[in-house]
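Shown next: input-v9.tsv, given as TSV, C-alpha atoms.
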```
chain	number	residue	atom	x	y	z
A	904	MET	CA	0.00	0.00	0.00
A	905	VAL	CA	2.80	2.39	0.90
A	906	TRP	CA	4.55	1.61	-2.38
A	907	GLY	CA	1.32	2.36	-4.26
A	908	VAL	CA	1.09	5.77	-2.60
A	909	VAL	CA	4.70	6.53	-3.46
A	910	LYS	CA	4.18	5.55	-7.11
A	911	ASN	CA	1.02	7.62	-7.31
A	912	VAL	CA	2.83	10.67	-5.96
A	913	GLN	CA	5.72	10.13	-8.38
A	914	GLN	CA	3.39	9.89	-11.36
A	915	SER	CA	1.46	12.92	-10.17
A	916	LEU	CA	4.62	14.98	-9.86
A	917	LYS	CA	5.57	14.07	-13.40
A	918	TYR	CA	2.05	14.65	-14.71
A	919	ARG	CA	1.59	17.97	-12.89
A	920	GLY	CA	5.04	19.33	-13.61
A	921	GLY	CA	6.36	19.40	-10.07
A	922	TRP	CA	5.28	20.06	-6.53
A	923	LYS	CA	3.56	23.37	-7.34
A	924	GLY	CA	1.19	21.76	-9.81
A	925	LEU	CA	0.52	18.86	-7.45
A	926	PHE	CA	-0.26	21.16	-4.52
A	927	GLU	CA	-2.59	23.26	-6.69
A	928	HIS	CA	-4.40	20.07	-7.72
A	929	MET	CA	-4.76	19.04	-4.07
A	930	TYR	CA	-5.90	22.55	-3.13
A	931	THR	CA	-8.57	22.81	-5.83
A	932	ASN	CA	-9.89	19.31	-6.52
A	933	GLY	CA	-8.80	17.54	-3.37
A	934	ASP	CA	-8.77	14.15	-5.09
A	935	TYR	CA	-6.74	11.22	-3.90
A	936	PRO	CA	-5.59	9.07	-5.58
A	937	PHE	CA	-4.60	11.96	-7.82
A	938	LYS	CA	-6.61	12.02	-11.03
A	939	PHE	CA	-5.06	11.55	-14.46
A	940	GLY	CA	-6.76	12.24	-17.75
A	941	THR	CA	-6.59	13.67	-21.24
A	942	LEU	CA	-6.68	17.46	-21.57
A	943	MET	CA	-9.71	18.11	-23.79
A	944	GLY	CA	-9.47	21.90	-23.92
A	945	VAL	CA	-9.09	25.21	-22.12
A	946	ASP	CA	-11.65	28.02	-22.01
A	947	ALA	CA	-11.05	31.78	-22.00
A	948	GLY	CA	-10.87	31.84	-18.19
A	949	GLY	CA	-7.97	29.38	-18.09
A	950	ASN	CA	-10.09	26.48	-16.80
A	951	LYS	CA	-8.73	23.13	-18.00
A	952	TYR	CA	-11.09	20.30	-18.86
A	953	TYR	CA	-10.00	16.66	-18.56
A	954	GLU	CA	-11.53	13.30	-19.42
A	955	ASN	CA	-10.68	9.69	-18.51
A	956	ARG	CA	-13.25	7.06	-19.45
A	957	ILE	CA	-11.05	4.09	-18.55
A	958	ASP	CA	-10.07	4.57	-14.92
A	959	TYR	CA	-13.16	6.37	-13.59
A	960	PRO	CA	-16.89	5.53	-13.60
A	961	PHE	CA	-19.49	7.54	-15.48
A	962	GLY	CA	-20.12	10.81	-13.69
A	963	GLN	CA	-16.53	11.08	-12.51
A	964	HIS	CA	-14.83	10.69	-15.88
A	965	ARG	CA	-14.89	14.42	-16.67
A	966	TRP	CA	-13.63	17.20	-14.46
A	967	VAL	CA	-12.36	20.76	-14.53
A	968	GLU	CA	-9.28	22.29	-12.97
A	969	PRO	CA	-9.86	26.03	-12.35
A	970	GLY	CA	-7.79	28.77	-13.86
A	971	ASP	CA	-8.39	31.06	-10.87
A	972	ILE	CA	-7.81	28.69	-7.97
A	973	HIS	CA	-8.88	31.21	-5.30
A	974	ASN	CA	-12.18	32.45	-6.78
A	975	PHE	CA	-13.86	29.48	-8.42
A	976	ASP	CA	-17.31	27.96	-8.26
A	977	SER	CA	-19.50	25.94	-10.60
A	978	SER	CA	-20.77	29.08	-12.35
A	979	SER	CA	-17.22	29.79	-13.54
A	980	ILE	CA	-17.59	27.01	-16.10
A	981	SER	CA	-18.43	28.58	-19.44
A	982	PRO	CA	-21.79	27.60	-21.00
A	983	GLU	CA	-20.20	25.89	-24.01
A	984	TRP	CA	-18.26	23.58	-21.72
A	985	HIS	CA	-21.10	23.00	-19.26
A	986	GLY	CA	-22.99	20.73	-21.66
A	987	TRP	CA	-19.90	18.62	-22.14
A	988	MET	CA	-19.20	18.44	-18.40
A	989	VAL	CA	-22.68	17.04	-17.61
A	990	SER	CA	-22.52	14.62	-20.58
A	991	GLN	CA	-25.23	16.31	-22.61
A	992	ASN	CA	-22.89	15.88	-25.55
A	993	ASP	CA	-19.59	14.15	-26.21
A	994	ALA	CA	-18.08	16.76	-28.50
A	995	PRO	CA	-16.01	19.35	-26.63
A	996	PRO	CA	-16.34	22.94	-27.84
A	997	ALA	CA	-12.94	22.71	-29.53
A	998	THR	CA	-14.41	20.21	-32.02
A	999	GLU	CA	-17.89	21.73	-32.37
A	1000	ASP	CA	-17.14	23.42	-35.70
A	1001	ALA	CA	-15.83	20.19	-37.18
A	1002	LEU	CA	-18.85	18.30	-35.82
A	1003	ILE	CA	-21.32	20.81	-37.27
A	1004	ALA	CA	-19.57	20.70	-40.65
A	1005	GLU	CA	-19.70	16.90	-40.62
A	1006	ARG	CA	-23.41	16.84	-39.81
A	1007	GLN	CA	-24.18	19.51	-42.40
A	1008	ALA	CA	-22.54	17.45	-45.11
A	1009	ALA	CA	-25.26	14.83	-44.61
A	1010	ILE	CA	-28.11	17.35	-45.00
A	1011	PRO	CA	-29.42	17.51	-48.60
A	1012	LYS	CA	-29.68	20.99	-50.10
A	1013	LEU	CA	-33.30	21.32	-51.21
A	1014	CYS	CA	-33.03	24.90	-52.44
A	1015	ARG	CA	-30.59	27.74	-52.90
A	1016	SER	CA	-29.91	29.89	-49.83
A	1017	ASP	CA	-28.35	33.34	-49.48
A	1018	VAL	CA	-27.65	32.89	-45.77
A	1019	PRO	CA	-24.03	33.77	-44.92
A	1020	SER	CA	-21.80	30.82	-44.17
A	1021	SER	CA	-21.31	32.05	-40.61
A	1022	MET	CA	-25.03	31.52	-39.94
A	1023	ASP	CA	-25.61	28.48	-42.13
A	1024	SER	CA	-25.80	25.92	-39.34
A	1025	ASN	CA	-28.17	24.56	-36.75
A	1026	VAL	CA	-26.65	26.96	-34.22
A	1027	GLY	CA	-27.55	30.12	-36.14
A	1028	ARG	CA	-26.11	33.51	-35.39
A	1029	GLN	CA	-23.80	33.68	-32.39
A	1030	GLU	CA	-22.87	36.88	-30.62
A	1031	SER	CA	-19.43	37.19	-29.09
A	1032	LEU	CA	-19.80	37.84	-25.36
A	1033	ALA	CA	-17.29	39.16	-22.83
A	1034	ASN	CA	-17.80	38.35	-19.15
A	1035	PHE	CA	-16.16	40.29	-16.34
A	1036	HIS	CA	-13.21	38.16	-15.17
A	1037	HIS	CA	-14.82	35.23	-17.04
A	1038	MET	CA	-17.63	35.08	-14.48
A	1039	HIS	CA	-20.70	33.78	-16.27
A	1040	ASN	CA	-22.99	34.24	-13.27
A	1041	GLN	CA	-23.46	37.99	-13.50
A	1042	SER	CA	-25.29	38.19	-10.16
A	1043	GLN	CA	-21.86	37.88	-8.51
A	1044	VAL	CA	-20.55	41.01	-10.23
A	1045	ARG	CA	-22.10	43.45	-7.78
A	1046	SER	CA	-20.87	45.88	-5.17
A	1047	ARG	CA	-20.63	44.62	-1.60
A	1048	GLY	CA	-21.39	48.06	-0.17
A	1049	TYR	CA	-21.58	51.76	-0.95
A	1050	ASN	CA	-18.49	52.96	-2.78
A	1051	ILE	CA	-16.35	49.92	-1.88
A	1052	GLY	CA	-16.82	47.75	-4.96
A	1053	ASN	CA	-16.24	44.04	-4.60
A	1054	PRO	CA	-12.68	43.00	-3.71
A	1055	VAL	CA	-13.61	39.31	-4.08
A	1056	VAL	CA	-14.09	39.66	-7.84
A	1057	ASN	CA	-11.84	42.76	-8.18
A	1058	LEU	CA	-14.76	45.07	-9.00
A	1059	PRO	CA	-13.59	48.70	-8.54
A	1060	PRO	CA	-15.70	51.14	-6.50
A	1061	GLY	CA	-18.33	53.07	-8.41
A	1062	VAL	CA	-18.57	50.57	-11.28
A	1063	LYS	CA	-22.08	49.62	-12.39
A	1064	ASP	CA	-23.28	46.17	-11.33
A	1065	SER	CA	-23.55	43.62	-14.14
A	1066	TYR	CA	-26.57	41.64	-13.03
A	1067	TYR	CA	-29.97	42.33	-14.61
A	1068	THR	CA	-32.67	44.13	-12.62
A	1069	GLN	CA	-36.32	44.46	-13.50
A	1070	PRO	CA	-37.66	47.94	-14.39
A	1071	GLY	CA	-39.14	49.41	-11.26
A	1072	SER	CA	-36.79	47.51	-8.98
A	1073	PRO	CA	-35.10	49.65	-6.30
A	1074	TYR	CA	-31.81	48.24	-7.63
A	1075	ASN	CA	-32.51	49.43	-11.18
A	1076	PRO	CA	-30.59	52.67	-11.93
A	1077	ALA	CA	-33.65	54.11	-13.70
A	1078	SER	CA	-35.65	53.78	-10.48
A	1079	LEU	CA	-33.17	55.68	-8.34
A	1080	GLN	CA	-34.31	59.20	-7.45
A	1081	PRO	CA	-32.23	61.95	-5.84
A	1082	PRO	CA	-33.25	62.57	-2.22
A	1083	ALA	CA	-35.51	65.58	-1.66
A	1084	PHE	CA	-34.63	67.31	1.63
A	1085	ILE	CA	-37.22	69.43	3.44
A	1086	GLY	CA	-34.90	71.04	5.97
A	1087	GLU	CA	-31.84	70.71	8.11
A	1088	THR	CA	-31.02	70.70	11.79
A	1089	ASP	CA	-29.14	73.43	13.61
A	1090	SER	CA	-26.02	71.28	13.32
A	1091	GLY	CA	-26.35	71.21	9.51
A	1092	LYS	CA	-27.74	67.69	9.06
A	1093	LYS	CA	-30.29	67.56	6.25
A	1094	TYR	CA	-33.46	65.51	6.60
A	1095	LYS	CA	-36.20	64.44	4.19
A	1096	SER	CA	-39.05	63.82	6.64
A	1097	ALA	CA	-40.15	64.71	10.15
A	1098	LYS	CA	-39.22	61.21	11.31
A	1099	TRP	CA	-35.63	61.65	10.11
A	1100	ALA	CA	-35.50	65.11	11.67
A	1101	ASP	CA	-36.42	63.59	15.03
A	1102	ARG	CA	-33.72	60.91	14.61
A	1103	LEU	CA	-30.97	63.35	13.64
A	1104	GLN	CA	-31.59	66.02	16.27
A	1105	THR	CA	-29.60	66.11	19.48
A	1106	PRO	CA	-31.45	66.35	22.84
A	1107	GLU	CA	-30.62	70.06	23.00
A	1108	GLU	CA	-32.04	70.62	19.50
A	1109	LYS	CA	-35.18	68.66	20.37
A	1110	ALA	CA	-35.66	70.79	23.50
A	1111	LYS	CA	-35.23	73.97	21.47
A	1112	VAL	CA	-37.74	72.75	18.85
A	1113	ALA	CA	-40.25	71.91	21.60
A	1114	ALA	CA	-39.79	75.36	23.15
A	1115	ASP	CA	-40.25	77.05	19.76
A	1116	ARG	CA	-43.42	75.03	19.14
A	1117	ALA	CA	-44.78	75.98	22.56
A	1118	ALA	CA	-43.99	79.66	21.91
A	1119	ASP	CA	-45.67	79.48	18.50
A	1120	ALA	CA	-48.73	77.87	20.09
A	1121	GLN	CA	-48.84	80.60	22.76
A	1122	ARG	CA	-48.61	83.34	20.14
A	1123	THR	CA	-51.35	81.66	18.12
A	1124	MET	CA	-53.62	81.58	21.19
A	1125	GLU	CA	-52.90	85.24	21.99
A	1126	ASP	CA	-53.57	86.26	18.37
A	1127	ALA	CA	-56.85	84.31	18.42
A	1128	LYS	CA	-57.93	85.97	21.70
A	1129	MET	CA	-57.05	89.41	20.32
A	1130	ALA	CA	-58.98	88.76	17.12
A	1131	HIS	CA	-61.98	87.56	19.15
A	1132	ALA	CA	-61.87	90.69	21.32
A	1133	LYS	CA	-61.75	92.94	18.26
A	1134	ARG	CA	-64.70	91.10	16.74
A	1135	LEU	CA	-66.77	91.56	19.94
A	1136	ALA	CA	-65.89	95.26	20.09
A	1137	ALA	CA	-66.98	95.73	16.49
A	1138	MET	CA	-70.26	93.93	17.16
A	1139	ARG	CA	-70.96	96.11	20.22
A	1140	SER	CA	-70.36	99.27	18.22
A	1141	ARG	CA	-72.99	98.16	15.72
A	1142	GLY	CA	-75.55	97.18	18.33
A	1143	MET	CA	-74.73	93.76	19.46
A	1144	GLY	CA	-78.22	92.75	20.66
A	1145	THR	CA	-80.26	94.24	17.80
A	1146	VAL	CA	-81.95	91.68	15.58
A	1147	VAL	CA	-82.56	92.93	12.08
A	1148	GLY	CA	-86.29	92.64	11.15
A	1149	GLY	CA	-87.40	91.97	14.72
A	1150	ASN	CA	-90.36	93.71	16.52
```

Structure rendered as structure tokens:
Amino acid sequence: MVWGVVKNVQQSLKYRGGWKGLFEHMYTNGDYPFKFGTLMGVDAGGNKYYENRIDYPFGQHRWVEPGDIHNFDSSSISPEWHGWMVSQNDAPPATEDALIAERQAAIPKLCRSDVPSSMDSNVGRQESLANFHHMHNQSQVRSRGYNIGNPVVNLPPGVKDSYYTQPGSPYNPASLQPPAFIGETDSGKKYKSAKWADRLQTPEEKAKVAADRAADAQRTMEDAKMAHAKRLAAMRSRGMGTVVGGN
């Protein structure tokens, strides 16, 4: 058993190109005995895809070794390789063009077509897409807080988030409205509602506001009493108890 472990480590060192490659394999995949396979291709993010149908059962015969070993999850696998990884098809993306050309050769041409050769396939038109740091799950490309960006995915501060938001969502830029302030405290803090004014005011400011409100209420009462007195005086001058049209 010990000799088998030693041989496996020796083969792994040779296969992985030294201790660095072996340690990266242990850090990312964590497989032991160390896996060996045929390199089927590499995507734009540096992820390497392997296959071994002889030594491993179905479901374990294909695997990926990440290009970014510190920030990798299943969504980092590009869509064109995902179908191959889950055995939806046996043709890796590197051989898709040759496979499509081979299948097209067996399709009889029933009529003349002016479709460009780049679109003359079962796939149709394909747009070239660029994903931020090769992250295909765009919901991860979002800020982790106000003006701090996302250091996990190296998103700089102030950069627009990449994930889609519905119109009307509070996260949609079109739905964001500038705050409308209705006043500010004596200390210079602006507020947009009476509730926020009460939260932002210091105890001294609240006491001053209460005193001002009481003084305003007192002045209002005095003005009302004065107006009532003037109205009574005017009525007395015109004959307060006289009823027009009475006997």

Inset, instruction - Determine the nearest neighbour of A:Asp1089 from the options A:Gly949, A:Pro1106, A:Pro1073, A:Gly940, counting only C-alpha atoms. - result: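 Closest to A:Asp1089 of all the choices is A:Pro1106.
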
Legend entry - Separation of atom CA of A:Lys1092 from atom CA of A:Thr1105 in Å: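 So the answer is 10.7 Å.
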
Inset, instruction - Find the distance between atom CA of A:Phe937 and atom CA of A:Lys923 and write it in Å to one decimal. - result: 14.0 Å

Spatial neighbours of A:His1039, max dist 8 Å, all atoms listed in the file, sep filter under 6 positions, as a short mmCIF file (atom, residue, chain, number, x, y, z; two decimals) with C-alpha atoms, in the coordinates of the input:
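Wrote it out as selection.cif, contents follow:
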```
data_model
loop_
_atom_site.label_atom_id
_atom_site.label_comp_id
_atom_site.auth_asym_id
_atom_site.auth_seq_id
_atom_site.Cartn_x
_atom_site.Cartn_y
_atom_site.Cartn_z
CA SER A 978 -20.77 29.08 -12.35
CA SER A 979 -17.22 29.79 -13.54
CA ILE A 980 -17.59 27.01 -16.10
CA SER A 981 -18.43 28.58 -19.44
CA PRO A 982 -21.79 27.60 -21.00
#
```

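Of note, atom CA of A:Asn1040 and atom CA of A:Asp1064 are spaced 12.1 Å apart.
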
Selection: 10 Å around A:Gly944, only C-alpha atoms, excl. self and same-chain fewer than 2 positions, as a PDB file with C-alpha atoms, keeping the file's coordinate frame:
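Ended up saving to selection-v3.pdb:
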```pdb
ATOM      1  CA  THR A 941      -6.590  13.670 -21.240  1.00  0.00           C
ATOM      2  CA  LEU A 942      -6.680  17.460 -21.570  1.00  0.00           C
ATOM      3  CA  ASP A 946     -11.650  28.020 -22.010  1.00  0.00           C
ATOM      4  CA  GLY A 949      -7.970  29.380 -18.090  1.00  0.00           C
ATOM      5  CA  ASN A 950     -10.090  26.480 -16.800  1.00  0.00           C
ATOM      6  CA  LYS A 951      -8.730  23.130 -18.000  1.00  0.00           C
ATOM      7  CA  TYR A 952     -11.090  20.300 -18.860  1.00  0.00           C
ATOM      8  CA  TYR A 953     -10.000  16.660 -18.560  1.00  0.00           C
ATOM      9  CA  GLU A 954     -11.530  13.300 -19.420  1.00  0.00           C
ATOM     10  CA  VAL A 967     -12.360  20.760 -14.530  1.00  0.00           C
ATOM     11  CA  TRP A 984     -18.260  23.580 -21.720  1.00  0.00           C
ATOM     12  CA  PRO A 995     -16.010  19.350 -26.630  1.00  0.00           C
ATOM     13  CA  PRO A 996     -16.340  22.940 -27.840  1.00  0.00           C
ATOM     14  CA  ALA A 997     -12.940  22.710 -29.530  1.00  0.00           C
ATOM     15  CA  THR A 998     -14.410  20.210 -32.020  1.00  0.00           C
TER      16      THR A 998
END
```

Inset, instruction - Please identify all polymer residues lying at most 6 Å from the point (-16.6, 47.4, -3.9) (file coordinates), using only C-alpha atoms, and present the result as a ChimeraX atom specification. - result: /A:1046-1047,1050-1054,1058-1060

Same residues, C-alpha atoms, output as a PDB file, in the coordinates of the input:
```pdb
ATOM      1  CA  SER A1046     -20.870  45.880  -5.170  1.00  0.00           C
ATOM      2  CA  ARG A1047     -20.630  44.620  -1.600  1.00  0.00           C
ATOM      3  CA  ASN A1050     -18.490  52.960  -2.780  1.00  0.00           C
ATOM      4  CA  ILE A1051     -16.350  49.920  -1.880  1.00  0.00           C
ATOM      5  CA  GLY A1052     -16.820  47.750  -4.960  1.00  0.00           C
ATOM      6  CA  ASN A1053     -16.240  44.040  -4.600  1.00  0.00           C
ATOM      7  CA  PRO A1054     -12.680  43.000  -3.710  1.00  0.00           C
ATOM      8  CA  LEU A1058     -14.760  45.070  -9.000  1.00  0.00           C
ATOM      9  CA  PRO A1059     -13.590  48.700  -8.540  1.00  0.00           C
ATOM     10  CA  PRO A1060     -15.700  51.140  -6.500  1.00  0.00           C
TER      11      PRO A1060
END
```

Inset, instruction - Just the residues within 10 Å of A:Phe1084, please, counting all atoms listed in the file, with nothing from its chain fewer than 4 positions along; format it as a list in words. - result: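 The residues that qualify are Lys1093, Tyr1094, Lys1095 and Ser1096 of chain A.
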